[in-house]
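Q: Quick one, start.cif (mmCIF, C-alpha atoms, pLDDT in the B column; chains and numbers go by the auth columns):
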data_upload
#
loop_
_atom_site.group_PDB
_atom_site.id
_atom_site.type_symbol
_atom_site.label_atom_id
_atom_site.label_comp_id
_atom_site.label_asym_id
_atom_site.label_seq_id
_atom_site.Cartn_x
_atom_site.Cartn_y
_atom_site.Cartn_z
_atom_site.B_iso_or_equiv
_atom_site.auth_seq_id
_atom_site.auth_asym_id
ATOM 1 C CA MET A 1 152.954 -58.461 -83.057 76.00 277 O
ATOM 2 C CA PHE A 2 155.215 -55.379 -83.193 82.00 278 O
ATOM 3 C CA SER A 3 154.512 -55.144 -86.935 82.00 279 O
ATOM 4 C CA ASN A 4 155.230 -51.404 -86.971 87.00 280 O
ATOM 5 C CA PHE A 5 158.906 -51.987 -86.052 89.00 281 O
ATOM 6 C CA ASP A 6 161.874 -52.837 -88.235 91.00 282 O
ATOM 7 C CA GLU A 7 162.924 -56.495 -88.245 92.00 283 O
ATOM 8 C CA PRO A 8 165.810 -56.286 -85.733 93.00 284 O
ATOM 9 C CA THR A 9 163.667 -54.418 -83.205 94.00 285 O
ATOM 10 C CA ARG A 10 160.743 -56.791 -83.687 94.00 286 O
ATOM 11 C CA GLN A 11 163.006 -59.790 -83.134 95.00 287 O
ATOM 12 C CA MET A 12 164.558 -58.269 -80.003 96.00 288 O
ATOM 13 C CA LEU A 13 161.139 -57.504 -78.530 96.00 289 O
ATOM 14 C CA MET A 14 159.901 -60.994 -79.370 97.00 290 O
ATOM 15 C CA GLY A 15 163.071 -62.348 -77.732 97.00 291 O
ATOM 16 C CA ASN A 16 162.197 -60.355 -74.619 98.00 292 O
ATOM 17 C CA ILE A 17 158.721 -61.870 -74.530 97.00 293 O
ATOM 18 C CA LEU A 18 160.184 -65.356 -74.933 98.00 294 O
ATOM 19 C CA MET A 19 162.586 -64.626 -72.058 98.00 295 O
ATOM 20 C CA VAL A 20 159.703 -63.506 -69.826 98.00 296 O
ATOM 21 C CA ILE A 21 157.825 -66.742 -70.587 98.00 297 O
ATOM 22 C CA CYS A 22 161.060 -68.692 -69.946 98.00 298 O
ATOM 23 C CA CYS A 23 161.307 -66.993 -66.538 98.00 299 O
ATOM 24 C CA ALA A 24 157.668 -67.871 -65.830 98.00 300 O
ATOM 25 C CA PHE A 25 158.329 -71.580 -66.440 98.00 301 O
ATOM 26 C CA TYR A 26 161.579 -71.480 -64.437 97.00 302 O
ATOM 27 C CA LEU A 27 159.799 -69.667 -61.594 97.00 303 O
ATOM 28 C CA ALA A 28 156.900 -72.159 -61.687 97.00 304 O
ATOM 29 C CA TRP A 29 159.441 -74.977 -61.372 97.00 305 O
ATOM 30 C CA TRP A 30 161.172 -73.207 -58.488 97.00 306 O
ATOM 31 C CA LEU A 31 157.866 -72.572 -56.714 96.00 307 O
ATOM 32 C CA ILE A 32 156.885 -76.243 -56.676 97.00 308 O
ATOM 33 C CA ALA A 33 160.284 -77.978 -56.611 96.00 309 O
ATOM 34 C CA PHE A 34 161.800 -75.929 -53.764 95.00 310 O
ATOM 35 C CA LYS A 35 158.721 -75.384 -51.626 95.00 311 O
ATOM 36 C CA PRO A 36 159.826 -75.636 -47.989 93.00 312 O
ATOM 37 C CA GLU A 37 156.904 -77.973 -47.274 92.00 313 O
ATOM 38 C CA GLY A 38 155.622 -80.520 -49.797 90.00 314 O
ATOM 39 C CA ALA A 39 158.093 -79.901 -52.625 91.00 315 O
ATOM 40 C CA VAL A 40 157.337 -81.728 -55.866 93.00 316 O
ATOM 41 C CA LYS A 41 160.552 -83.417 -57.021 91.00 317 O
ATOM 42 C CA GLY A 42 161.699 -85.271 -60.096 93.00 318 O
ATOM 43 C CA ILE A 43 159.929 -85.267 -63.437 93.00 319 O
ATOM 44 C CA ARG A 44 156.657 -84.125 -61.829 92.00 320 O
ATOM 45 C CA SER A 45 158.204 -80.656 -61.543 93.00 321 O
ATOM 46 C CA GLY A 46 161.334 -81.020 -63.676 94.00 322 O
ATOM 47 C CA TRP A 47 159.395 -81.067 -66.936 96.00 323 O
ATOM 48 C CA LEU A 48 158.888 -77.306 -66.463 97.00 324 O
ATOM 49 C CA LEU A 49 162.585 -76.823 -67.152 97.00 325 O
ATOM 50 C CA ILE A 50 162.182 -78.179 -70.702 97.00 326 O
ATOM 51 C CA PRO A 51 160.041 -75.289 -72.017 98.00 327 O
ATOM 52 C CA ALA A 52 162.111 -72.875 -69.887 98.00 328 O
ATOM 53 C CA PHE A 53 165.276 -74.075 -71.610 97.00 329 O
ATOM 54 C CA ILE A 54 163.773 -74.053 -75.123 98.00 330 O
ATOM 55 C CA LEU A 55 162.256 -70.593 -74.667 98.00 331 O
ATOM 56 C CA GLY A 56 165.455 -69.237 -73.105 98.00 332 O
ATOM 57 C CA VAL A 57 167.613 -70.486 -75.971 98.00 333 O
ATOM 58 C CA ALA A 58 165.134 -69.123 -78.541 98.00 334 O
ATOM 59 C CA ALA A 59 165.123 -65.749 -76.757 98.00 335 O
ATOM 60 C CA VAL A 60 168.920 -65.558 -76.679 98.00 336 O
ATOM 61 C CA ILE A 61 169.203 -66.491 -80.365 98.00 337 O
ATOM 62 C CA ARG A 62 166.648 -63.840 -81.385 97.00 338 O
ATOM 63 C CA ILE A 63 168.199 -61.106 -79.289 97.00 339 O
ATOM 64 C CA VAL A 64 171.815 -61.870 -80.243 97.00 340 O
ATOM 65 C CA GLN A 65 171.088 -62.229 -83.965 96.00 341 O
ATOM 66 C CA SER A 66 168.915 -59.123 -84.148 96.00 342 O
ATOM 67 C CA SER A 67 171.278 -56.976 -82.091 95.00 343 O
ATOM 68 C CA GLY A 68 174.111 -58.163 -84.334 93.00 344 O
ATOM 69 C CA ALA A 69 172.145 -57.048 -87.420 93.00 345 O
ATOM 70 C CA VAL A 70 172.164 -53.413 -86.277 92.00 346 O
ATOM 71 C CA ASP A 71 174.634 -51.006 -87.889 88.00 347 O
ATOM 72 C CA GLY A 72 177.797 -51.172 -85.809 86.00 348 O
ATOM 73 C CA LYS A 73 178.708 -47.534 -86.514 90.00 349 O
ATOM 74 C CA ALA A 74 175.723 -46.263 -84.525 92.00 350 O
ATOM 75 C CA LEU A 75 176.431 -48.321 -81.398 94.00 351 O
ATOM 76 C CA LEU A 76 177.257 -46.624 -78.116 94.00 352 O
ATOM 77 C CA TYR A 77 180.005 -49.168 -77.336 95.00 353 O
ATOM 78 C CA PRO A 78 181.592 -52.062 -79.291 94.00 354 O
ATOM 79 C CA ARG A 79 179.756 -55.393 -79.232 94.00 355 O
ATOM 80 C CA ASP A 80 183.037 -57.279 -78.917 94.00 356 O
ATOM 81 C CA ALA A 81 183.840 -55.381 -75.719 96.00 357 O
ATOM 82 C CA VAL A 82 180.570 -56.625 -74.202 96.00 358 O
ATOM 83 C CA LEU A 83 181.302 -60.231 -75.151 96.00 359 O
ATOM 84 C CA VAL A 84 184.911 -60.117 -73.944 97.00 360 O
ATOM 85 C CA GLY A 85 183.818 -58.316 -70.772 97.00 361 O
ATOM 86 C CA GLY A 86 181.206 -61.017 -70.160 97.00 362 O
ATOM 87 C CA VAL A 87 183.762 -63.810 -70.489 97.00 363 O
ATOM 88 C CA ILE A 88 186.200 -62.007 -68.186 98.00 364 O
ATOM 89 C CA ALA A 89 183.436 -61.250 -65.651 97.00 365 O
ATOM 90 C CA TYR A 90 182.340 -64.899 -65.653 97.00 366 O
ATOM 91 C CA ILE A 91 185.881 -66.207 -65.118 97.00 367 O
ATOM 92 C CA LEU A 92 186.528 -63.703 -62.313 97.00 368 O
ATOM 93 C CA LEU A 93 183.194 -64.414 -60.610 97.00 369 O
ATOM 94 C CA LEU A 94 183.738 -68.145 -60.998 96.00 370 O
ATOM 95 C CA ALA A 95 187.135 -67.854 -59.301 96.00 371 O
ATOM 96 C CA LEU A 96 185.847 -65.480 -56.622 95.00 372 O
ATOM 97 C CA THR A 97 182.725 -67.432 -55.730 95.00 373 O
ATOM 98 C CA GLY A 98 184.040 -70.960 -56.233 93.00 374 O
ATOM 99 C CA ILE A 99 187.634 -70.742 -55.069 93.00 375 O
ATOM 100 C CA VAL A 100 187.814 -67.749 -52.739 93.00 376 O
ATOM 101 C CA LEU A 101 184.328 -67.817 -51.185 91.00 377 O
ATOM 102 C CA LYS A 102 183.953 -71.630 -51.467 91.00 378 O
ATOM 103 C CA ARG A 103 180.408 -71.297 -52.819 92.00 379 O
ATOM 104 C CA GLN A 104 179.212 -74.335 -54.766 92.00 380 O
ATOM 105 C CA VAL A 105 179.227 -73.303 -58.437 92.00 381 O
ATOM 106 C CA THR A 106 175.846 -73.718 -60.139 94.00 382 O
ATOM 107 C CA THR A 107 174.349 -72.850 -63.510 94.00 383 O
ATOM 108 C CA GLU A 108 172.827 -69.695 -62.054 95.00 384 O
ATOM 109 C CA LEU A 109 176.199 -67.924 -62.136 97.00 385 O
ATOM 110 C CA PHE A 110 176.402 -68.471 -65.893 97.00 386 O
ATOM 111 C CA LEU A 111 172.774 -67.363 -66.283 97.00 387 O
ATOM 112 C CA ILE A 112 173.312 -64.140 -64.325 98.00 388 O
ATOM 113 C CA VAL A 113 176.385 -63.147 -66.343 98.00 389 O
ATOM 114 C CA GLY A 114 174.808 -64.307 -69.611 98.00 390 O
ATOM 115 C CA TRP A 115 171.642 -62.289 -69.033 98.00 391 O
ATOM 116 C CA THR A 116 173.674 -59.187 -68.181 98.00 392 O
ATOM 117 C CA VAL A 117 175.675 -59.523 -71.413 98.00 393 O
ATOM 118 C CA LEU A 118 172.453 -60.085 -73.346 98.00 394 O
ATOM 119 C CA MET A 119 170.912 -56.902 -71.914 98.00 395 O
ATOM 120 C CA PHE A 120 174.042 -54.885 -72.706 98.00 396 O
ATOM 121 C CA LEU A 121 173.931 -56.118 -76.324 97.00 397 O
ATOM 122 C CA GLU A 122 170.228 -55.409 -76.670 97.00 398 O
ATOM 123 C CA LEU A 123 170.300 -51.949 -75.083 98.00 399 O
ATOM 124 C CA ASN A 124 173.242 -51.003 -77.296 97.00 400 O
ATOM 125 C CA ALA A 125 171.338 -52.102 -80.401 97.00 401 O
ATOM 126 C CA LEU A 126 168.148 -50.318 -79.343 96.00 402 O
ATOM 127 C CA PHE A 127 170.199 -47.155 -78.813 96.00 403 O
ATOM 128 C CA ALA A 128 171.757 -47.523 -82.279 95.00 404 O
ATOM 129 C CA GLN A 129 168.271 -47.756 -83.769 94.00 405 O
ATOM 130 C CA GLY A 130 167.144 -44.595 -82.016 93.00 406 O
ATOM 131 C CA HIS A 131 164.742 -46.215 -79.556 94.00 407 O
ATOM 132 C CA PHE A 132 166.579 -44.805 -76.533 95.00 408 O
ATOM 133 C CA THR A 133 168.605 -41.672 -75.891 94.00 409 O
ATOM 134 C CA LYS A 134 172.126 -41.963 -74.553 96.00 410 O
ATOM 135 C CA SER A 135 171.005 -40.956 -71.053 96.00 411 O
ATOM 136 C CA ALA A 136 168.113 -43.468 -71.129 95.00 412 O
ATOM 137 C CA VAL A 137 170.462 -46.276 -72.175 96.00 413 O
ATOM 138 C CA ILE A 138 172.957 -45.359 -69.467 97.00 414 O
ATOM 139 C CA LEU A 139 170.140 -45.436 -66.903 97.00 415 O
ATOM 140 C CA LEU A 140 168.975 -48.851 -68.182 97.00 416 O
ATOM 141 C CA LEU A 141 172.559 -50.157 -68.120 98.00 417 O
ATOM 142 C CA VAL A 142 172.904 -49.044 -64.494 98.00 418 O
ATOM 143 C CA ILE A 143 169.577 -50.715 -63.635 98.00 419 O
ATOM 144 C CA THR A 144 170.786 -53.872 -65.414 98.00 420 O
ATOM 145 C CA LEU A 145 174.003 -53.839 -63.380 98.00 421 O
ATOM 146 C CA LEU A 146 172.046 -53.320 -60.160 98.00 422 O
ATOM 147 C CA ALA A 147 169.787 -56.266 -61.051 98.00 423 O
ATOM 148 C CA ALA A 148 172.894 -58.371 -61.742 98.00 424 O
ATOM 149 C CA ILE A 149 174.458 -57.326 -58.411 98.00 425 O
ATOM 150 C CA VAL A 150 171.272 -58.177 -56.501 98.00 426 O
ATOM 151 C CA SER A 151 171.156 -61.517 -58.334 98.00 427 O
ATOM 152 C CA MET A 152 174.785 -62.192 -57.391 97.00 428 O
ATOM 153 C CA ILE A 153 174.035 -61.377 -53.762 97.00 429 O
ATOM 154 C CA CYS A 154 171.139 -63.842 -53.866 97.00 430 O
ATOM 155 C CA TYR A 155 173.445 -66.399 -55.505 96.00 431 O
ATOM 156 C CA LEU A 156 176.061 -65.979 -52.784 96.00 432 O
ATOM 157 C CA LEU A 157 173.586 -66.063 -49.899 96.00 433 O
ATOM 158 C CA TYR A 158 171.457 -69.001 -51.035 96.00 434 O
ATOM 159 C CA TYR A 159 173.255 -71.945 -49.380 94.00 435 O
ATOM 160 C CA GLY A 160 173.550 -70.117 -46.066 94.00 436 O
ATOM 161 C CA LEU A 161 169.815 -69.476 -45.746 96.00 437 O
ATOM 162 C CA ASP A 162 167.116 -71.600 -44.155 96.00 438 O
ATOM 163 C CA SER A 163 164.605 -73.258 -46.473 94.00 439 O
ATOM 164 C CA VAL A 164 162.008 -70.464 -46.389 96.00 440 O
ATOM 165 C CA LYS A 165 164.492 -67.621 -46.911 97.00 441 O
ATOM 166 C CA GLY A 166 166.325 -69.647 -49.557 96.00 442 O
ATOM 167 C CA TYR A 167 163.008 -70.279 -51.317 97.00 443 O
ATOM 168 C CA VAL A 168 162.372 -66.538 -51.580 97.00 444 O
ATOM 169 C CA ASP A 169 166.020 -65.758 -52.358 97.00 445 O
ATOM 170 C CA GLY A 170 165.954 -68.096 -55.369 96.00 446 O
ATOM 171 C CA MET A 171 162.959 -66.303 -56.898 97.00 447 O
ATOM 172 C CA ILE A 172 164.441 -62.814 -56.826 98.00 448 O
ATOM 173 C CA PRO A 173 166.807 -63.105 -59.834 97.00 449 O
ATOM 174 C CA LEU A 174 164.067 -64.632 -61.998 97.00 450 O
ATOM 175 C CA ILE A 175 161.647 -61.866 -61.101 98.00 451 O
ATOM 176 C CA LEU A 176 164.287 -59.203 -61.779 98.00 452 O
ATOM 177 C CA VAL A 177 165.052 -60.612 -65.229 97.00 453 O
ATOM 178 C CA ALA A 178 161.374 -60.812 -66.167 97.00 454 O
ATOM 179 C CA VAL A 179 160.649 -57.282 -64.903 98.00 455 O
ATOM 180 C CA MET A 180 163.630 -55.851 -66.807 97.00 456 O
ATOM 181 C CA MET A 181 162.643 -57.581 -70.035 97.00 457 O
ATOM 182 C CA VAL A 182 159.068 -56.333 -69.704 97.00 458 O
ATOM 183 C CA ALA A 183 160.256 -52.804 -68.853 97.00 459 O
ATOM 184 C CA VAL A 184 162.497 -52.590 -71.928 97.00 460 O
ATOM 185 C CA THR A 185 159.814 -54.040 -74.201 96.00 461 O
ATOM 186 C CA VAL A 186 157.119 -51.683 -72.904 95.00 462 O
ATOM 187 C CA SER A 187 159.486 -48.692 -73.074 95.00 463 O
ATOM 188 C CA VAL A 188 160.234 -49.354 -76.747 94.00 464 O
ATOM 189 C CA ALA A 189 156.623 -50.161 -77.620 91.00 465 O
ATOM 190 C CA VAL A 190 155.088 -47.064 -76.026 88.00 466 O
ATOM 191 C CA ARG A 191 157.646 -44.708 -77.544 79.00 467 O
ATOM 192 C CA ARG A 192 156.532 -45.815 -81.005 67.00 468 O
#
Is it possible to give me this structure as structure tokens?
A:
Amino acid sequence: MFSNFDEPTRQMLMGNILMVICCAFYLAWWLIAFKPEGAVKGIRSGWLLIPAFILGVAAVIRIVQSSGAVDGKALLYPRDAVLVGGVIAYILLLALTGIVLKRQVTTELFLIVGWTVLMFLELNALFAQGHFTKSAVILLLVITLLAAIVSMICYLLYYGLDSVKGYVDGMIPLILVAVMMVAVTVSVAVRR
């Protein structure tokens, strides 16, 4: 698959596919474990998190390693700035949501910030390799930020919603991540 691409691009696109499958397993778990009526709890639904975790880690490793293999001189912005910005954003959001807004801190906050950083690294690398123009990358970065903001809104609202609205609210970030990963993969593949 993607044999007509250089190795870093191929690995990033394969990482995207792994992330989409990860989201599918995570979403399947959410759909059955948080159903407002007749939720399936414990290991009967929890096992779906095992492949989600494995696929997610594999996706992150592929995307980070392959984006790091791209010539740093051709990047639109420094990789280190993305990583430092991600750490700062996480700490600030952790303080804001946990201390100021008194929202119970969950793994999803880390996942939202981590995915945003991952997309910024990948889009930067794809730009450096000539797969996207500067204006296309800026548009995709804005879309990524909007997806992250919507995900944060869902994160903040979740515990204040009834079971049905909370059920839907919890799906939105997963769907956004999967759609973004598919959109980037298709955009690169069809431009080839």
Q: Could you jot down the atom CA of O:Gly344 to atom CA of O:Leu385 separation for me, Å, one decimal place?
A: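 Spanning atom CA of O:Gly344 to atom CA of O:Leu385 is a straight-line distance of 24.3 Å.
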Q: For this file, the PyMOL selection byres ((chain O and resi 413) around 10) selects which residues, as an NGL selection string?
A: :O and (352 or 396 or 399-400 or 402-403 or 407-412 or 414-419)
Q: Next, dump the selected residues to file, keeping only C-alpha atoms, as a short mmCIF file (atom, residue, chain, number, x, y, z; two decimals), in the coordinates of the input.
A:
data_model
loop_
_atom_site.label_atom_id
_atom_site.label_comp_id
_atom_site.auth_asym_id
_atom_site.auth_seq_id
_atom_site.Cartn_x
_atom_site.Cartn_y
_atom_site.Cartn_z
CA LEU O 352 177.26 -46.62 -78.12
CA PHE O 396 174.04 -54.88 -72.71
CA LEU O 399 170.30 -51.95 -75.08
CA ASN O 400 173.24 -51.00 -77.30
CA LEU O 402 168.15 -50.32 -79.34
CA PHE O 403 170.20 -47.16 -78.81
CA HIS O 407 164.74 -46.22 -79.56
CA PHE O 408 166.58 -44.80 -76.53
CA THR O 409 168.60 -41.67 -75.89
CA LYS O 410 172.13 -41.96 -74.55
CA SER O 411 171.00 -40.96 -71.05
CA ALA O 412 168.11 -43.47 -71.13
CA ILE O 414 172.96 -45.36 -69.47
CA LEU O 415 170.14 -45.44 -66.90
CA LEU O 416 168.98 -48.85 -68.18
CA LEU O 417 172.56 -50.16 -68.12
CA VAL O 418 172.90 -49.04 -64.49
CA ILE O 419 169.58 -50.72 -63.64
#
Q: Using only C-alpha atoms, can you tell me which of O:Ala459, O:Leu370, O:Leu422, O:Met447 comes closest to O:Ala304?
A: O:Met447
Q: Out of O:Leu432, O:Val460, O:Leu359, O:Val444, which residue has the shortest atom-to-atom distance to O:Leu372 when counting all atoms listed in the file?
A: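 Of all the options, O:Leu432 lies closest to O:Leu372.
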Q: What gap, in Å, lies between atom CA of O:Val296 and atom CA of O:Pro284?
A: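 It comes out at 18.5 Å.
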Q: For O:Ala454, list every protein, DNA or RNA residue within 12 Å, evaluated using only C-alpha atoms, and leave out those in the same chain fewer than 5 positions away; present the list as a PDB file with C-alpha atoms, in the coordinates of the input.
A:
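Done, and the output landed in part-v7.pdb:
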ATOM      1  CA  GLY O 291     163.071 -62.348 -77.732  1.00 97.00           C
ATOM      2  CA  ASN O 292     162.197 -60.355 -74.619  1.00 98.00           C
ATOM      3  CA  ILE O 293     158.721 -61.870 -74.530  1.00 97.00           C
ATOM      4  CA  LEU O 294     160.184 -65.356 -74.933  1.00 98.00           C
ATOM      5  CA  MET O 295     162.586 -64.626 -72.058  1.00 98.00           C
ATOM      6  CA  VAL O 296     159.703 -63.506 -69.826  1.00 98.00           C
ATOM      7  CA  ILE O 297     157.825 -66.742 -70.587  1.00 98.00           C
ATOM      8  CA  CYS O 298     161.060 -68.692 -69.946  1.00 98.00           C
ATOM      9  CA  CYS O 299     161.307 -66.993 -66.538  1.00 98.00           C
ATOM     10  CA  ALA O 300     157.668 -67.871 -65.830  1.00 98.00           C
ATOM     11  CA  PHE O 301     158.329 -71.580 -66.440  1.00 98.00           C
ATOM     12  CA  TYR O 302     161.579 -71.480 -64.437  1.00 97.00           C
ATOM     13  CA  LEU O 303     159.799 -69.667 -61.594  1.00 97.00           C
ATOM     14  CA  GLY O 332     165.455 -69.237 -73.105  1.00 98.00           C
ATOM     15  CA  TRP O 391     171.642 -62.289 -69.033  1.00 98.00           C
ATOM     16  CA  MET O 395     170.912 -56.902 -71.914  1.00 98.00           C
ATOM     17  CA  THR O 420     170.786 -53.872 -65.414  1.00 98.00           C
ATOM     18  CA  ALA O 423     169.787 -56.266 -61.051  1.00 98.00           C
ATOM     19  CA  MET O 447     162.959 -66.303 -56.898  1.00 97.00           C
ATOM     20  CA  ILE O 448     164.441 -62.814 -56.826  1.00 98.00           C
ATOM     21  CA  PRO O 449     166.807 -63.105 -59.834  1.00 97.00           C
ATOM     22  CA  ALA O 459     160.256 -52.804 -68.853  1.00 97.00           C
ATOM     23  CA  VAL O 460     162.497 -52.590 -71.928  1.00 97.00           C
ATOM     24  CA  THR O 461     159.814 -54.040 -74.201  1.00 96.00           C
TER      25      THR O 461
END
Q: Taking into account all atoms listed in the file, which residue in the set O:Ile388, O:Ile367, O:Ile319, O:Val464 is nearest to O:Thr285?
A: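 For O:Thr285, the nearest of the given residues is O:Val464.
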Q: Using the atoms already present, construct N, CA and C atoms for stretch 374-392 of chain O and hand them back as an mmCIF file, in the frame of the given file.
A:
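Final output, part.cif:
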data_model
loop_
_atom_site.group_PDB
_atom_site.id
_atom_site.type_symbol
_atom_site.label_atom_id
_atom_site.label_comp_id
_atom_site.auth_asym_id
_atom_site.auth_seq_id
_atom_site.Cartn_x
_atom_site.Cartn_y
_atom_site.Cartn_z
ATOM 1 N N GLY O 374 183.718 -69.543 -56.403
ATOM 2 C CA GLY O 374 184.040 -70.960 -56.233
ATOM 3 C C GLY O 374 185.293 -71.224 -55.430
ATOM 4 N N ILE O 375 186.347 -70.471 -55.714
ATOM 5 C CA ILE O 375 187.634 -70.742 -55.069
ATOM 6 C C ILE O 375 187.794 -69.921 -53.789
ATOM 7 N N VAL O 376 187.581 -68.623 -53.893
ATOM 8 C CA VAL O 376 187.814 -67.749 -52.739
ATOM 9 C C VAL O 376 186.706 -67.889 -51.699
ATOM 10 N N LEU O 377 185.450 -67.777 -52.129
ATOM 11 C CA LEU O 377 184.328 -67.817 -51.185
ATOM 12 C C LEU O 377 183.805 -69.230 -50.924
ATOM 13 N N LYS O 378 184.325 -70.212 -51.654
ATOM 14 C CA LYS O 378 183.953 -71.630 -51.467
ATOM 15 C C LYS O 378 182.456 -71.884 -51.670
ATOM 16 N N ARG O 379 181.831 -71.100 -52.526
ATOM 17 C CA ARG O 379 180.408 -71.297 -52.819
ATOM 18 C C ARG O 379 180.298 -72.349 -53.913
ATOM 19 N N GLN O 380 179.434 -73.316 -53.741
ATOM 20 C CA GLN O 380 179.212 -74.335 -54.766
ATOM 21 C C GLN O 380 178.814 -73.635 -56.065
ATOM 22 N N VAL O 381 179.522 -73.935 -57.147
ATOM 23 C CA VAL O 381 179.227 -73.303 -58.437
ATOM 24 C C VAL O 381 178.022 -73.995 -59.055
ATOM 25 N N THR O 382 177.041 -73.190 -59.480
ATOM 26 C CA THR O 382 175.846 -73.718 -60.139
ATOM 27 C C THR O 382 175.607 -72.949 -61.436
ATOM 28 N N THR O 383 174.695 -73.442 -62.216
ATOM 29 C CA THR O 383 174.349 -72.850 -63.510
ATOM 30 C C THR O 383 173.906 -71.399 -63.375
ATOM 31 N N GLU O 384 173.348 -71.049 -62.234
ATOM 32 C CA GLU O 384 172.827 -69.695 -62.054
ATOM 33 C C GLU O 384 173.890 -68.625 -62.245
ATOM 34 N N LEU O 385 175.133 -68.904 -61.914
ATOM 35 C CA LEU O 385 176.199 -67.924 -62.136
ATOM 36 C C LEU O 385 176.319 -67.614 -63.624
ATOM 37 N N PHE O 386 176.339 -68.648 -64.441
ATOM 38 C CA PHE O 386 176.402 -68.471 -65.893
ATOM 39 C C PHE O 386 175.179 -67.701 -66.391
ATOM 40 N N LEU O 387 174.010 -68.025 -65.851
ATOM 41 C CA LEU O 387 172.774 -67.363 -66.283
ATOM 42 C C LEU O 387 172.773 -65.883 -65.913
ATOM 43 N N ILE O 388 173.269 -65.549 -64.745
ATOM 44 C CA ILE O 388 173.312 -64.140 -64.325
ATOM 45 C C ILE O 388 174.232 -63.340 -65.248
ATOM 46 N N VAL O 389 175.434 -63.849 -65.480
ATOM 47 C CA VAL O 389 176.385 -63.147 -66.343
ATOM 48 C C VAL O 389 175.864 -63.117 -67.783
ATOM 49 N N GLY O 390 175.334 -64.240 -68.249
ATOM 50 C CA GLY O 390 174.808 -64.307 -69.611
ATOM 51 C C GLY O 390 173.668 -63.330 -69.847
ATOM 52 N N TRP O 391 172.753 -63.234 -68.892
ATOM 53 C CA TRP O 391 171.642 -62.289 -69.033
ATOM 54 C C TRP O 391 172.152 -60.847 -69.051
ATOM 55 N N THR O 392 173.119 -60.545 -68.224
ATOM 56 C CA THR O 392 173.674 -59.187 -68.181
ATOM 57 C C THR O 392 174.301 -58.829 -69.529
#
